[in-house]
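Shown next: start12.txt, given as compact mmCIF, C-alpha atoms.
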```txt
# COMPACT_ATOMS: atom_id res chain seq x y z
CA MET A 1395 106.22 64.09 -34.54
CA THR A 1396 105.61 62.38 -31.21
CA LEU A 1397 106.84 58.89 -30.35
CA LEU A 1398 103.46 57.36 -31.12
CA ASP A 1399 102.56 59.38 -34.20
CA LEU A 1400 102.09 56.70 -36.85
CA THR A 1401 100.89 59.05 -39.59
CA PRO A 1402 102.29 57.89 -42.97
CA ARG A 1403 105.15 60.03 -44.25
CA VAL A 1404 106.59 58.83 -47.53
CA ASN A 1405 108.78 61.70 -48.72
CA VAL A 1406 112.50 60.91 -48.52
CA SER A 1407 115.04 63.65 -47.89
CA GLU A 1408 117.87 64.18 -50.38
CA LYS A 1409 120.33 62.95 -47.77
CA LEU A 1410 118.52 59.60 -47.47
CA SER A 1411 117.56 59.08 -51.13
CA THR A 1412 121.08 58.05 -52.13
CA LEU A 1413 121.28 55.32 -49.48
CA PRO A 1414 120.11 51.71 -49.81
CA VAL A 1415 117.40 49.94 -47.87
CA VAL A 1416 119.02 47.36 -45.60
CA ILE A 1417 117.23 44.00 -45.38
CA ILE A 1418 118.23 41.81 -42.46
CA GLY A 1419 117.94 38.13 -43.36
CA ALA A 1420 118.14 36.26 -46.68
CA GLY A 1421 115.35 33.77 -46.12
CA PRO A 1422 112.14 33.58 -48.18
CA ILE A 1423 110.76 36.81 -46.71
CA GLY A 1424 113.99 38.79 -46.88
CA LEU A 1425 114.54 37.86 -50.53
CA ALA A 1426 110.89 38.53 -51.37
CA THR A 1427 111.51 42.01 -49.98
CA ALA A 1428 114.54 42.28 -52.23
CA ALA A 1429 112.46 41.21 -55.25
CA ASN A 1430 109.80 43.81 -54.52
CA LEU A 1431 112.40 46.56 -54.09
CA ALA A 1432 114.20 45.49 -57.27
CA GLU A 1433 110.97 45.67 -59.26
CA ARG A 1434 110.48 49.22 -57.99
CA ASP A 1435 114.11 50.14 -58.74
CA ILE A 1436 114.91 50.92 -55.08
CA ASP A 1437 118.49 50.20 -54.05
CA PHE A 1438 118.98 47.65 -51.27
CA VAL A 1439 121.48 45.43 -49.48
CA VAL A 1440 120.60 42.04 -47.96
CA LEU A 1441 122.61 40.98 -44.89
CA GLU A 1442 122.58 37.27 -43.98
CA ALA A 1443 124.34 35.90 -40.90
CA GLY A 1444 124.56 32.39 -42.35
CA ASP A 1445 127.03 31.22 -44.95
CA ARG A 1446 124.24 30.68 -47.52
CA VAL A 1447 120.85 32.18 -48.23
CA ALA A 1448 117.96 30.49 -46.40
CA HIS A 1449 120.39 29.37 -43.70
CA SER A 1450 117.73 28.81 -41.04
CA VAL A 1451 115.42 27.02 -43.49
CA ARG A 1452 118.25 24.63 -44.32
CA GLU A 1453 118.69 23.85 -40.62
CA TRP A 1454 115.27 22.18 -40.64
CA GLY A 1455 115.46 21.26 -44.31
CA HIS A 1456 114.55 17.61 -43.68
CA THR A 1457 111.09 18.72 -42.49
CA ARG A 1458 108.20 19.00 -44.93
CA LEU A 1459 106.12 22.17 -44.89
CA PHE A 1460 102.33 22.07 -44.58
CA SER A 1461 101.69 24.60 -47.34
CA PRO A 1462 101.91 23.52 -51.00
CA TRP A 1463 104.18 25.29 -53.47
CA ARG A 1464 101.39 27.57 -54.70
CA HIS A 1465 101.29 29.27 -51.27
CA LEU A 1466 105.07 29.47 -50.83
CA VAL A 1467 106.26 31.72 -53.64
CA ASP A 1468 106.05 35.49 -53.57
CA PRO A 1469 104.18 36.85 -56.65
CA VAL A 1470 106.81 39.44 -57.56
CA ALA A 1471 109.63 36.97 -57.02
CA ARG A 1472 107.80 34.53 -59.26
CA ARG A 1473 107.52 37.10 -62.04
CA LEU A 1474 111.24 37.86 -61.88
CA LEU A 1475 112.15 34.18 -61.84
CA GLU A 1476 109.86 33.22 -64.70
CA ARG A 1477 111.47 35.86 -66.91
CA ARG A 1478 114.64 33.77 -66.54
CA GLY A 1479 112.90 30.50 -67.40
CA TRP A 1480 112.13 29.31 -63.86
CA GLU A 1481 109.03 27.17 -63.40
CA LEU A 1482 106.94 26.72 -60.26
CA PRO A 1483 107.32 23.16 -58.94
CA ALA A 1484 104.23 20.98 -58.55
CA PRO A 1485 101.75 23.61 -57.24
CA ASP A 1486 99.77 21.29 -54.97
CA ARG A 1487 102.73 19.46 -53.42
CA ALA A 1488 104.26 20.57 -50.12
CA PRO A 1489 108.07 20.72 -50.34
CA SER A 1490 110.67 20.06 -47.69
CA GLY A 1491 112.66 22.95 -46.26
CA THR A 1492 115.65 21.89 -48.37
CA GLU A 1493 113.53 21.91 -51.52
CA LEU A 1494 112.20 25.37 -50.67
CA ALA A 1495 115.75 26.63 -50.22
CA GLU A 1496 117.27 24.94 -53.27
CA LEU A 1497 114.43 25.21 -55.78
CA TYR A 1498 113.14 28.69 -54.92
CA VAL A 1499 115.20 30.80 -52.50
CA ALA A 1500 118.62 30.06 -54.02
CA PRO A 1501 117.51 30.76 -57.63
CA LEU A 1502 115.87 33.97 -56.43
CA ALA A 1503 119.11 35.09 -54.80
CA GLU A 1504 120.99 34.37 -58.04
CA LEU A 1505 118.88 36.70 -60.18
CA PRO A 1506 120.95 39.56 -61.66
CA GLU A 1507 118.68 42.10 -59.95
CA ILE A 1508 119.49 40.62 -56.55
CA ALA A 1509 122.73 38.58 -56.59
CA GLY A 1510 125.21 41.45 -56.28
CA ARG A 1511 123.37 42.90 -53.31
CA VAL A 1512 123.32 39.85 -51.03
CA ARG A 1513 126.08 39.58 -48.42
CA THR A 1514 126.31 36.27 -46.56
CA GLY A 1515 128.31 35.60 -43.42
CA VAL A 1516 127.45 39.07 -42.14
CA GLU A 1517 125.79 39.26 -38.71
CA VAL A 1518 123.86 42.38 -37.73
CA LEU A 1519 124.91 43.40 -34.24
CA ALA A 1520 122.82 46.54 -33.79
CA VAL A 1521 120.69 49.13 -35.54
CA SER A 1522 120.56 52.80 -34.60
CA ARG A 1523 120.49 56.27 -36.18
CA ASP A 1524 123.71 57.92 -37.28
CA GLY A 1525 124.86 59.93 -34.25
CA MET A 1526 121.57 59.43 -32.39
CA ASP A 1527 120.57 57.09 -29.63
CA ARG A 1528 116.87 56.38 -29.08
CA THR A 1529 116.39 59.37 -26.76
CA ARG A 1530 117.09 62.05 -29.40
CA THR A 1531 114.16 63.27 -31.49
CA ARG A 1532 115.04 66.46 -33.42
CA GLY A 1533 115.64 65.61 -37.08
CA ARG A 1534 115.43 61.90 -36.38
CA ALA A 1535 113.29 60.87 -39.35
CA ASP A 1536 115.73 62.52 -41.79
CA THR A 1537 118.82 60.94 -40.22
CA PRO A 1538 120.26 57.79 -41.84
CA PHE A 1539 120.05 54.48 -40.05
CA LEU A 1540 123.32 52.98 -38.91
CA VAL A 1541 123.59 49.17 -39.15
CA ARG A 1542 126.54 47.68 -37.28
CA THR A 1543 127.76 44.33 -38.63
CA ARG A 1544 130.39 41.64 -38.04
CA ASP A 1545 131.67 39.44 -40.87
CA ARG A 1546 133.23 35.97 -40.89
CA SER A 1547 136.69 37.34 -40.07
CA GLY A 1548 135.35 39.13 -37.00
CA GLU A 1549 135.69 42.57 -38.51
CA VAL A 1550 133.07 45.04 -37.29
CA ASP A 1551 131.75 47.62 -39.73
CA GLU A 1552 128.84 50.04 -40.10
CA LEU A 1553 126.49 50.61 -43.02
CA ALA A 1554 124.25 53.64 -43.56
CA ALA A 1555 120.68 53.08 -44.78
CA ARG A 1556 117.58 55.07 -45.73
CA ALA A 1557 115.34 52.37 -44.22
CA VAL A 1558 115.75 49.03 -42.44
CA ILE A 1559 113.55 45.96 -42.88
CA ASP A 1560 114.18 43.24 -40.30
CA ALA A 1561 113.29 39.85 -41.79
CA SER A 1562 115.68 37.87 -39.60
CA GLY A 1563 113.05 35.44 -38.31
CA THR A 1564 113.02 33.71 -34.92
CA TYR A 1565 114.53 30.26 -35.50
CA THR A 1566 117.79 31.11 -33.72
CA SER A 1567 116.05 32.41 -30.59
CA PRO A 1568 113.96 29.59 -29.07
CA ASN A 1569 111.78 29.96 -26.01
CA GLN A 1570 113.20 28.68 -22.75
CA LEU A 1571 112.44 25.23 -21.35
CA SER A 1572 111.33 26.64 -18.02
CA SER A 1573 107.65 27.44 -17.52
CA SER A 1574 108.61 30.87 -16.18
CA GLY A 1575 110.11 31.89 -19.52
CA LEU A 1576 113.48 32.53 -17.85
CA GLU A 1577 116.59 30.51 -18.59
CA LEU A 1578 116.20 27.13 -16.96
CA LEU A 1579 117.99 26.77 -13.65
CA GLY A 1580 120.79 24.25 -14.17
CA MET A 1581 120.77 24.73 -17.96
CA GLY A 1582 124.54 25.08 -17.99
CA ASP A 1583 124.90 21.60 -16.54
CA ILE A 1584 122.75 19.90 -19.19
CA ALA A 1585 123.30 22.10 -22.26
CA ASP A 1586 125.16 19.34 -24.09
CA ARG A 1587 122.08 17.12 -23.77
CA VAL A 1588 119.59 19.67 -25.14
CA THR A 1589 118.93 20.04 -28.87
CA PRO A 1590 116.99 22.78 -30.66
CA ALA A 1591 113.65 22.18 -32.36
CA LEU A 1592 113.40 19.99 -35.47
CA PRO A 1593 116.64 18.00 -35.23
CA ASP A 1594 117.36 15.66 -38.15
CA VAL A 1595 116.55 12.54 -36.15
CA LEU A 1596 116.80 10.10 -39.06
CA GLY A 1597 119.72 11.84 -40.75
CA ARG A 1598 122.67 13.89 -39.53
CA ASP A 1599 121.60 13.79 -35.85
CA ARG A 1600 120.73 10.08 -35.72
CA GLU A 1601 123.62 9.03 -33.45
CA ARG A 1602 122.58 11.57 -30.85
CA PHE A 1603 119.20 9.87 -30.38
CA ALA A 1604 119.70 6.20 -31.27
CA GLY A 1605 119.31 3.92 -28.25
CA LYS A 1606 118.55 6.85 -25.96
CA SER A 1607 115.65 7.96 -23.83
CA VAL A 1608 114.45 11.13 -25.55
CA THR A 1609 112.06 13.73 -24.14
CA VAL A 1610 110.46 16.24 -26.49
CA VAL A 1611 109.21 19.36 -24.69
CA GLY A 1612 106.55 21.46 -26.42
CA ALA A 1613 102.98 21.22 -27.71
CA GLY A 1614 103.25 22.44 -31.28
CA HIS A 1615 103.96 21.12 -34.75
CA SER A 1616 107.72 21.21 -34.32
CA ALA A 1617 107.31 18.78 -31.45
CA ALA A 1618 104.94 16.59 -33.46
CA ASN A 1619 107.33 16.27 -36.39
CA THR A 1620 110.17 15.28 -34.07
CA LEU A 1621 108.03 12.77 -32.18
CA LEU A 1622 107.07 10.95 -35.36
CA ALA A 1623 110.69 10.79 -36.52
CA LEU A 1624 111.67 9.40 -33.12
CA VAL A 1625 108.94 6.74 -33.36
CA THR A 1626 110.47 5.60 -36.65
CA LEU A 1627 113.94 5.61 -35.09
CA ALA A 1628 112.72 3.56 -32.12
CA ARG A 1629 111.58 0.82 -34.52
CA GLU A 1630 115.03 0.72 -36.08
CA GLU A 1631 117.25 1.29 -33.05
CA PRO A 1632 116.65 -0.89 -29.93
CA GLY A 1633 116.66 0.99 -26.65
CA THR A 1634 115.22 4.22 -28.09
CA SER A 1635 112.25 5.51 -26.10
CA VAL A 1636 110.12 8.59 -26.72
CA THR A 1637 108.42 10.88 -24.19
CA TRP A 1638 106.29 13.91 -24.97
CA MET A 1639 106.25 16.50 -22.17
CA ILE A 1640 103.75 19.39 -22.15
CA ARG A 1641 102.86 21.95 -19.54
CA ASN A 1642 99.07 21.80 -19.99
CA ARG A 1643 96.70 18.97 -19.20
CA GLN A 1644 95.77 18.69 -22.85
CA ALA A 1645 98.17 19.01 -25.74
CA VAL A 1646 97.70 22.17 -27.75
CA ARG A 1647 98.91 20.57 -30.90
CA VAL A 1648 98.38 19.79 -34.51
CA SER A 1649 94.93 19.99 -35.98
CA SER A 1650 93.60 16.66 -37.18
CA SER A 1651 90.40 18.26 -38.47
CA PRO A 1652 89.11 17.11 -41.87
CA ASP A 1653 88.30 20.79 -42.52
CA ASP A 1654 91.99 21.71 -42.49
CA GLN A 1655 92.83 22.71 -46.08
CA LEU A 1656 96.51 22.11 -45.31
CA THR A 1657 96.10 18.35 -45.43
CA GLY A 1658 99.66 17.72 -44.30
CA ARG A 1659 98.86 19.37 -40.96
CA ALA A 1660 95.75 17.28 -40.38
CA HIS A 1661 97.60 14.07 -41.32
CA LEU A 1662 100.41 14.95 -38.91
CA GLY A 1663 97.90 15.40 -36.09
CA SER A 1664 96.27 12.05 -36.74
CA ARG A 1665 99.61 10.25 -36.80
CA VAL A 1666 100.69 11.74 -33.48
CA ASP A 1667 97.36 10.84 -31.89
CA ARG A 1668 97.77 7.23 -33.02
CA ALA A 1669 101.36 7.07 -31.79
CA VAL A 1670 100.26 8.11 -28.31
CA GLN A 1671 97.35 5.67 -28.33
CA ARG A 1672 99.62 2.78 -29.38
CA GLY A 1673 102.09 3.60 -26.64
CA ASP A 1674 104.89 4.48 -29.05
CA VAL A 1675 105.00 7.87 -27.35
CA THR A 1676 104.62 8.30 -23.59
CA MET A 1677 102.70 11.45 -22.73
CA VAL A 1678 103.68 13.44 -19.63
CA ASP A 1679 101.18 16.27 -19.29
CA GLY A 1680 100.80 19.08 -16.78
CA PHE A 1681 104.56 19.17 -16.15
CA GLU A 1682 105.89 22.68 -15.51
CA ILE A 1683 109.67 22.54 -15.63
CA ILE A 1684 111.46 24.64 -12.99
CA ARG A 1685 114.99 23.18 -12.83
CA ALA A 1686 117.37 20.68 -14.40
CA ARG A 1687 120.40 18.79 -13.14
CA ARG A 1688 122.76 15.95 -14.04
CA ALA A 1689 122.03 12.65 -12.32
CA ASP A 1690 124.27 9.64 -13.04
CA ASP A 1691 125.15 10.97 -16.51
CA ARG A 1692 121.49 11.52 -17.28
CA VAL A 1693 119.32 14.63 -17.31
CA GLN A 1694 116.82 15.09 -14.53
CA LEU A 1695 114.05 17.61 -15.08
CA VAL A 1696 112.41 18.92 -11.93
CA GLY A 1697 108.97 20.44 -12.09
CA HIS A 1698 105.52 21.02 -10.67
CA ARG A 1699 102.75 18.62 -11.59
CA GLY A 1700 99.35 18.68 -9.96
CA GLY A 1701 100.68 20.71 -7.05
CA ASP A 1702 103.54 18.28 -6.35
CA VAL A 1703 107.26 18.55 -7.06
CA VAL A 1704 108.19 15.70 -9.41
CA THR A 1705 111.20 14.62 -11.45
CA HIS A 1706 111.67 13.12 -14.89
CA ASP A 1707 114.86 11.37 -16.01
CA THR A 1708 115.97 11.24 -19.64
CA ASP A 1709 119.09 11.10 -21.81
CA VAL A 1710 118.31 13.82 -24.36
CA VAL A 1711 115.90 16.79 -24.34
CA VAL A 1712 114.51 18.39 -27.49
CA ASN A 1713 113.47 21.99 -26.93
CA ALA A 1714 110.37 22.40 -29.13
CA THR A 1715 108.77 25.11 -27.01
CA GLY A 1716 108.50 27.63 -29.83
CA PHE A 1717 110.40 30.79 -30.63
CA ARG A 1718 110.60 34.45 -29.69
CA PRO A 1719 112.00 37.51 -31.49
CA ASN A 1720 115.57 38.54 -30.68
CA LEU A 1721 115.22 42.23 -29.93
CA ASP A 1722 118.69 42.82 -28.49
CA MET A 1723 120.03 44.41 -31.68
CA LEU A 1724 117.12 46.88 -31.69
CA ARG A 1725 117.71 48.53 -28.31
CA GLU A 1726 118.35 51.93 -29.93
CA ILE A 1727 115.32 51.70 -32.22
CA ARG A 1728 111.96 53.12 -31.12
CA LEU A 1729 109.58 50.17 -31.19
CA ASP A 1730 105.90 49.91 -30.31
CA LEU A 1731 105.33 46.28 -29.35
CA ASP A 1732 102.44 44.46 -27.75
CA GLU A 1733 103.27 43.52 -24.17
CA ILE A 1734 102.11 39.92 -24.55
CA VAL A 1735 103.22 38.52 -27.91
CA GLU A 1736 105.93 41.13 -28.71
CA ALA A 1737 104.45 41.86 -32.12
CA PRO A 1738 103.83 45.40 -33.45
CA ARG A 1739 100.98 46.78 -31.38
CA ARG A 1740 98.54 47.26 -34.26
CA LEU A 1741 99.26 43.78 -35.59
CA ALA A 1742 98.99 41.88 -32.30
CA PRO A 1743 95.16 41.68 -32.10
CA LEU A 1744 95.04 40.30 -35.64
CA ILE A 1745 97.37 37.38 -34.87
CA ASP A 1746 96.58 36.60 -31.23
CA PRO A 1747 96.90 32.78 -31.10
CA ASN A 1748 94.23 32.62 -28.42
CA VAL A 1749 91.78 33.81 -31.08
CA HIS A 1750 93.26 33.20 -34.53
CA SER A 1751 94.51 30.25 -36.50
CA CYS A 1752 96.98 30.61 -39.35
CA GLY A 1753 94.13 30.97 -41.86
CA THR A 1754 92.01 33.51 -39.97
CA VAL A 1755 94.57 36.33 -39.86
CA GLU A 1756 93.25 39.46 -41.54
CA PRO A 1757 95.25 41.05 -44.38
CA HIS A 1758 97.70 43.60 -43.06
CA GLY A 1759 100.52 45.73 -44.35
CA PHE A 1760 102.68 48.74 -43.60
CA ARG A 1761 100.14 50.42 -41.28
CA GLU A 1762 100.00 47.48 -38.86
CA LEU A 1763 103.79 47.07 -39.08
CA THR A 1764 104.68 50.72 -38.52
CA HIS A 1765 106.78 51.65 -35.48
CA PRO A 1766 107.52 55.11 -34.07
CA GLU A 1767 110.92 54.75 -35.79
CA HIS A 1768 110.17 56.16 -39.24
CA GLY A 1769 111.41 53.83 -41.98
CA PHE A 1770 111.95 50.79 -39.78
CA PHE A 1771 109.86 47.62 -40.16
CA ILE A 1772 109.88 44.10 -38.76
CA VAL A 1773 108.37 41.65 -41.25
CA GLY A 1774 107.86 37.91 -41.61
CA MET A 1775 107.94 35.47 -38.72
CA LYS A 1776 109.67 37.98 -36.45
CA SER A 1777 106.78 40.42 -36.89
CA TYR A 1778 104.53 37.83 -35.22
CA GLY A 1779 106.61 37.95 -32.04
CA ARG A 1780 105.78 34.88 -29.98
CA ALA A 1781 102.62 34.03 -31.90
CA PRO A 1782 103.08 30.74 -33.82
CA THR A 1783 100.50 31.39 -36.53
CA PHE A 1784 102.66 32.69 -39.39
CA LEU A 1785 102.34 31.65 -43.03
CA LEU A 1786 104.75 32.70 -45.78
CA ALA A 1787 101.86 34.05 -47.86
CA THR A 1788 101.13 36.53 -45.06
CA GLY A 1789 104.74 37.71 -45.03
CA TYR A 1790 104.75 38.24 -48.79
CA GLU A 1791 101.77 40.57 -48.55
CA GLN A 1792 103.50 42.41 -45.70
CA VAL A 1793 106.60 43.15 -47.77
CA ARG A 1794 104.59 44.07 -50.86
CA SER A 1795 102.81 46.76 -48.83
CA VAL A 1796 105.96 47.96 -47.07
CA THR A 1797 107.95 48.31 -50.29
CA ALA A 1798 105.05 50.15 -51.92
CA TRP A 1799 105.11 52.58 -49.00
CA LEU A 1800 108.87 53.05 -49.37
CA ALA A 1801 108.28 53.84 -53.05
CA GLY A 1802 105.67 56.46 -52.14
CA ASP A 1803 102.89 54.42 -53.77
CA MET A 1804 100.28 54.91 -51.06
CA GLY A 1805 97.46 53.41 -53.12
CA ALA A 1806 99.27 50.08 -53.44
CA ALA A 1807 100.55 50.23 -49.87
CA GLN A 1808 97.05 50.63 -48.43
CA GLN A 1809 95.36 48.03 -50.66
CA VAL A 1810 96.18 44.82 -48.81
CA GLU A 1811 94.59 41.56 -49.93
CA LEU A 1812 95.24 38.02 -48.79
CA VAL A 1813 93.58 34.66 -49.40
CA LEU A 1814 94.72 32.00 -46.93
CA PRO A 1815 93.78 28.32 -46.65
CA ALA A 1816 91.46 27.34 -43.81
CA THR A 1817 93.82 25.76 -41.33
CA GLY A 1818 91.69 24.47 -38.50
CA VAL A 1819 92.13 25.38 -34.87
CA CYS A 1820 95.64 26.50 -34.08
CA SER A 1821 95.04 28.48 -30.89
CA THR A 1822 96.61 27.86 -27.53
CA ASP A 1823 96.42 28.87 -23.90
CA GLN A 1824 100.18 29.33 -23.98
CA VAL A 1825 101.54 31.33 -26.91
CA SER A 1826 104.92 29.65 -26.44
CA GLY A 1827 103.58 26.23 -27.33
CA GLY A 1828 105.50 25.93 -30.56
CA GLY A 1829 105.01 26.73 -34.20
CA CYS A 1830 101.75 25.59 -35.77
CA CYS A 1831 101.88 27.02 -39.26
CA SER A 1832 105.24 25.96 -40.67
```
What is this file in structure tokens?
Amino acid sequence: MTLLDLTPRVNVSEKLSTLPVVIIGAGPIGLATAANLAERDIDFVVLEAGDRVAHSVREWGHTRLFSPWRHLVDPVARRLLERRGWELPAPDRAPSGTELAELYVAPLAELPEIAGRVRTGVEVLAVSRDGMDRTRTRGRADTPFLVRTRDRSGEVDELAARAVIDASGTYTSPNQLSSSGLELLGMGDIADRVTPALPDVLGRDRERFAGKSVTVVGAGHSAANTLLALVTLAREEPGTSVTWMIRNRQAVRVSSSPDDQLTGRAHLGSRVDRAVQRGDVTMVDGFEIIRARRADDRVQLVGHRGGDVVTHDTDVVVNATGFRPNLDMLREIRLDLDEIVEAPRRLAPLIDPNVHSCGTVEPHGFRELTHPEHGFFIVGMKSYGRAPTFLLATGYEQVRSVTAWLAGDMGAAQQVELVLPATGVCSTDQVSGGGCCS
């Protein structure tokens, strides 16, 4: 089998059949994968770096999703939950991240079919083949995967697996503030004044922003949510000012189209537009950041704007420039990724944010997610690479198809179906403009 031979091969050798499937990440997609494997009686282990399931979701738990509950629950997971008396919350209401974690993901992780197989506080450091680096081919597909981990105590261990499904997401690997995509020059000097996307402005992070000049960098929905929270804070805390900095001349941001079936998204867009028009938010467009430095205990961003070198002074910077997949732990895995968005090559044209919105992505499954490394899949938000057009419903169909393939059920694996809400225009000239389909 050559490096680029993606022909399906579902038979599992006797050596591999006794090993579990390792799922990286215990968020909604990782645990949906677990549910699908449990229903098919395939052994698995879920490894979660955080101390609790849905750790990343809880980090932005104060933020409300755009999708209503009926689009947020995996069908197989729902069946398993309902057998234990669980009921779907209000189907047409969009929950917060905390509600998604507490009312759905946590109960899912507590099911008897899943609970004993979830390990929290376990970080995956690397994935390889047992005794094989990526250059060795002979017998590779029949050789167990080796998953190297580190637990809370710092102990490093290794786990053998028949297959690996990476559902670790992208929240912990944001894009850089610099327009070049490289780490911002001077970042070390201002790191204590930079916060990640979706801070809890009105809650746990309030003191960091109150009475400060705050600059939000990024043109997506993460930026929009933070801007609106800051506008509210500015009304309550004198001295708080809000600036929105984008690299393009026109913000590639939230849809405010009445045709958007995710009404929360359209409402968000309208509110941001009005905030800018009222002067509650100062727009700085066409600013390409190239450097940062400390200046009189403030942050000074240096950039190009209209051909000139200009500066912008602020107290706090919110990095809402979007996310990218962390591929460091996969250096010994044979991947086939698109050069632009870093998604699986067959998937990339279907999710290109220059062409597609969240609701125009075609159904796809194991075929589009297959890599040259037999038995290895990236699913969920991470499978979209740098494209910000992911919806949970898409990820659930991905894992349904992948688990069917692992079970040898080629009919189910190949039959991919997906009905998504029309979500308006979500495309961008810069794929790093921030998430648009949260």
Inset, instruction - Dig up all the protein and nucleic acid residues within 9 Å of (124.5, 42.2, -51.2) in the file frame, using only C-alpha atoms, and format them as a list in words. - result: Phe1438, Val1439, Val1440, Leu1441, Glu1442, Ile1508, Ala1509, Gly1510, Arg1511, Val1512, Arg1513 and Thr1514 of chain A
Write to file, as a PDB file, in the frame of the given file, the residues of the selection just made, with C-alpha atoms.
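Saved to part_8.pdb:
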```pdb
ATOM      1  CA  PHE A1438     118.980  47.650 -51.270  1.00  0.00           C
ATOM      2  CA  VAL A1439     121.480  45.430 -49.480  1.00  0.00           C
ATOM      3  CA  VAL A1440     120.600  42.040 -47.960  1.00  0.00           C
ATOM      4  CA  LEU A1441     122.610  40.980 -44.890  1.00  0.00           C
ATOM      5  CA  GLU A1442     122.580  37.270 -43.980  1.00  0.00           C
ATOM      6  CA  ILE A1508     119.490  40.620 -56.550  1.00  0.00           C
ATOM      7  CA  ALA A1509     122.730  38.580 -56.590  1.00  0.00           C
ATOM      8  CA  GLY A1510     125.210  41.450 -56.280  1.00  0.00           C
ATOM      9  CA  ARG A1511     123.370  42.900 -53.310  1.00  0.00           C
ATOM     10  CA  VAL A1512     123.320  39.850 -51.030  1.00  0.00           C
ATOM     11  CA  ARG A1513     126.080  39.580 -48.420  1.00  0.00           C
ATOM     12  CA  THR A1514     126.310  36.270 -46.560  1.00  0.00           C
TER      13      THR A1514
END
```
Inset, instruction - Write out as a PyMOL selection string the residues lying within 10 Å of Gln1808 in chain A, counting all atoms listed in the file and excluding same-chain residues fewer than 6 positions away. - result: chain A and resi 1758-1761+1795-1796+1798-1799
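For the choices A:Pro1462, A:Gly1789, A:Pro1414, A:Pro1632, the atom-to-atom distance to Ser1777 in chain A is smallest for A:Gly1789 when using all atoms listed in the file.
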Inset, instruction - Could you jot down the CA of Ser1573 in chain A to CA of Ile1683 in chain A separation for me, Å, one decimal place? - result: 5.6 Å
Inset, instruction - Show me as a ChimeraX atom specification the residues that reach within 12 Å of (119.8, 15.0, -15.3), counting only C-alpha atoms and using the file's own coordinates. - result: /A:1580-1588,1607,1609,1685-1696,1705-1711
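The interatomic distance for the pair CA of Leu1622 in chain A and CA of Gly1774 in chain A works out to 27.7 Å.
In this comparison, which uses all atoms listed in the file, the residue of A:Arg1523, A:His1449, A:Arg1472, A:His1456 approaching Ala1623 in chain A most closely is A:His1456.
For the atom pair formed by CA of Val1416 in chain A and CA of Val1541 in chain A, the distance is 8.1 Å, given to one decimal.
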Inset, instruction - Name all residues at most 6 Å from range 1714-1727 of chain A (count only C-alpha atoms; drop same-chain ones fewer than 6 positions away) and give them as a PyMOL selection string. - result: chain A and resi 1519-1522+1527-1528+1564+1567-1569+1591+1611-1612+1616-1617+1776+1779-1780+1826-1829
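When only C-alpha atoms are used to compute distances to Lys1409 in chain A, the closest of the residues A:Ala1555, A:Leu1474, A:Ala1443, A:Leu1431 turns out to be A:Ala1555.
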Inset, instruction - Counting only C-alpha atoms, figure out which residue out of A:Pro1590, A:Gly1605, A:Pro1757, A:Gly1680 gets nearest to Gln1570 in chain A. - result: A:Pro1590
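Distance annotation: of A:Ala1557, A:Ile1745, A:Gly1597, A:Thr1620, the residue with the minimal separation from Ala1535 in chain A is A:Ala1557; atom set is only C-alpha atoms.
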